[in-house]
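Visitor: Supplied in structure tokens, the structure appears directly below.
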Amino acid sequence: MQKPHIGMIGLGVMGANLARNIENKGYACAVYNRTYSVTERFMAENQGKNFHPASSMEEFVSLMERPRQIFIMVKAGKPVDSVLEHLLEIVDQGDVIIDAGNSHYSDTERREALAKSKGIYFLGTGVSGGEEGALHGPSIMPGGSKEAWEIVKEVLQKIAAKYEGEPCVDYIGPGGSGHFVKMVHNGIEYGDMQLIAEAYQILREGKGLSNEQLSEVFSEWNQGELKSYLIEITAKIFTVKDQSSGDYLVDKILDRAGQKGTGRWTAESAISLGVPIPTLAAAVDARVLSSLKDERVAASKVLKGQVLSELNNIECSVKDVRDALYAAKIICYAQGMDLLRRASNEWNWNLNLSSIASLWRAGCIIRAAFLDQIREAFAGEELPANMMLAGNLCETLQSKIPALRKVSVKATLAGIPALAFSSAVGYYDSYRLERLPQNLTQAQRDFFGAHTYERVDKQGVFHTEWE
């Protein structure tokens, strides 16, 4: 029997499904998990398939022919370092190691340099789509060695999601760019989910819509310009009943959202690069606020506000909420794309934003119909300084900004938190205004710290003795 040249380390849900995807595309696949009972269970579940199990990493490597293409799908951080360090001792020069987990891009930079010093290729590869995407076709974002990409391109193109027959994978760029792009994808995902959550609360608490009505609304939205994976699954969520009580399951779920860190990484990276992403950051803040459940319950008995259950008549329509959501969604994606552009300039990655938008059209969590417009916006020779300025997107955004303003204000007046909606309209207004109030900020800084300031009527740097 011919040896496999592809292998998977880590047989959790994502690793196991990615391995099945690889095997389904006609490749033999070596498999290894640190706990061998997991490997045994995987083999029992996949009898008759072309998998080759190993009980040690040395055996795993020996099962494969060169050049080996080794996927690592383990928890980010020290587990990846541990696996990589072991592999570098036992693989051969010219082999390719692919970290397909959610690693921080700075770790990927370090790991690629380490592998390169030993003659081993390394790719930090973002994979999006969850367990279903891993099995049936994810969006894949490989960054690192260009030579490594040429070696693994065939298998990645076969296992990736397809959009109109086009694989949702392409070489992103050098170093940690692949994982950076995946990180920003997740940051946009945070923002998109928070905007949908706020629309849900406005419609439920502010308009009194039932779960049945909410499902109908989101289903209708998914037929138009808001068509996306997240809108689609939201419509389905409102229909699911709890088996034990018979009530709608969504109403039984605790309002405390978790996070795995990629949204926070996005916000931290934006701060370090000096890039404003207030809607993405607001989504991270919203999850942190949701985690303060006990404090919120106590505060609800003290801090005064509107009684949400008595509203049900917020002065905006379902159409207003739809248009506000679409406007805020454009702004959310614009912030993410701007972060990618500025990171690319800072680190000379030469990211192709049009190609990246193409990769997100299928397989990934933020796939949405309007990604075609984003792809087109960045396809020309002269790229827009900000996605909000691009052609049709600019026209659409400006037509829906009145609804975003209305919904943000009405929600605030009703006591319904709208962190993401409000941040989106604030970003839009800050970006469009020729003059902002930071002239006062500069005066204050000069007053208390002699930090100096510039003038609108004279060249140079100035300082004033204010007292």
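Each chain of the structure tokens is named A, B, ... in the order shown, its residues numbered from 1; ligands are numbered from 1 in display order.
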Leaving out stretch 436-443 of chain A and any residue of its chain fewer than 6 positions from it, which residues lie within 8 Å of it when counting only C-alpha atoms, given as a list of chain:residue names?

Guide: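 The contact residues come out as A:Ser430, A:His451, A:Thr452, A:Tyr453.
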
Visitor: Taking the chain letters and numbering used in this document, name the residues of stretch 343-428 of chain A that DSSP puts in helix (DSSP H, G or I), as a VMD selection string.

Guide: chain A and resid 343 to 347 353 to 359 371 to 377 387 to 389 391 to 413 419 to 428

Visitor: Could you tell me how far atom CA of A:Glu434 sits from atom CA of A:Arg455, in Å to one decimal place?

Guide: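 Separating atom CA of A:Arg455 from atom CA of A:Glu434 is a distance of 15.0 Å.
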
Visitor: For A:Gln194, which residue among A:Leu353, A:Leu339, A:Cys332, A:Val425 is the nearest when counting only C-alpha atoms?

Guide: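 That would be A:Cys332, the residue with the smallest distance to A:Gln194.
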
Visitor: Write down as a ChimeraX atom specification the residues belonging to stretch 166-389 of chain A that are assigned strand (DSSP E or B) by DSSP computed on the backbone.

Guide: /A:166-167,169,173,228,241,248,368

Visitor: Counting only C-alpha atoms, figure out which residue out of A:Ile331, A:Pro417, A:Lys406, A:Glu225 gets nearest to A:Asp372.

Guide: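 Closest to A:Asp372, using only C-alpha atoms: A:Glu225.
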
Visitor: Which stretch 289-361 of chain A residues have any atom within 10 Å of an atom of stretch 213-220 of chain A, and for each, what is the nearest pair of atoms with distance in Å to one decimal, counting only C-alpha atoms, rows sorted by chain and number, as a tab-separated table?

Guide:
```
residue	atom	partner	partner_atom	distance
A:Val318	CA	A:Val217	CA	8.2
A:Lys319	CA	A:Val217	CA	9.7
A:Arg322	CA	A:Phe218	CA	9.2
```

Visitor: Give me the residues near A:Lys153 as a ChimeraX atom specification, where near means some atom within 12 Å (using only C-alpha atoms) and where sequence neighbours in that chain fewer than 4 positions away do not count.

Guide: /A:69,96,98,123,140-143,145-149,157-160,167-171

Visitor: Write out as a ChimeraX atom specification each polymer residue whose atoms come within 7 Å of A:His104, counting only C-alpha atoms; drop sequence neighbours fewer than 3 positions from it.

Guide: /A:107-108,179

Visitor: Atom CA of A:Ile271 and atom CA of A:Gln335 are how many Å apart?

Guide: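 Interatomic distance here is 12.6 Å.
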
Visitor: A:Val456: which residues within 12 Å, counting only C-alpha atoms, same-chain residues fewer than 4 positions away excluded, as a PyMOL selection string?

Guide: chain A and resi 435+439+460-462

Visitor: Hey, which of A:Ser55, A:Leu433, A:Glu65, A:Asn24 ends up closest to A:Ile6? Count only C-alpha atoms.

Guide: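 Ranked by minimum distance to A:Ile6, first place goes to A:Glu65.
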
Visitor: For a quick check of understanding, using only C-alpha atoms, which of A:Leu87, A:Ala334, A:Glu467, A:Ala324 has the smallest distance to A:Lys400?

Guide: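 Among A:Leu87, A:Ala334, A:Glu467, A:Ala324, it is A:Ala324 that comes nearest to A:Lys400.
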
Visitor: In Å to one decimal, how far is atom CA of A:Pro53 from atom CA of A:Glu40?

Guide: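 Computing the Euclidean distance for atom CA of A:Glu40 and atom CA of A:Pro53 yields 7.9 Å.
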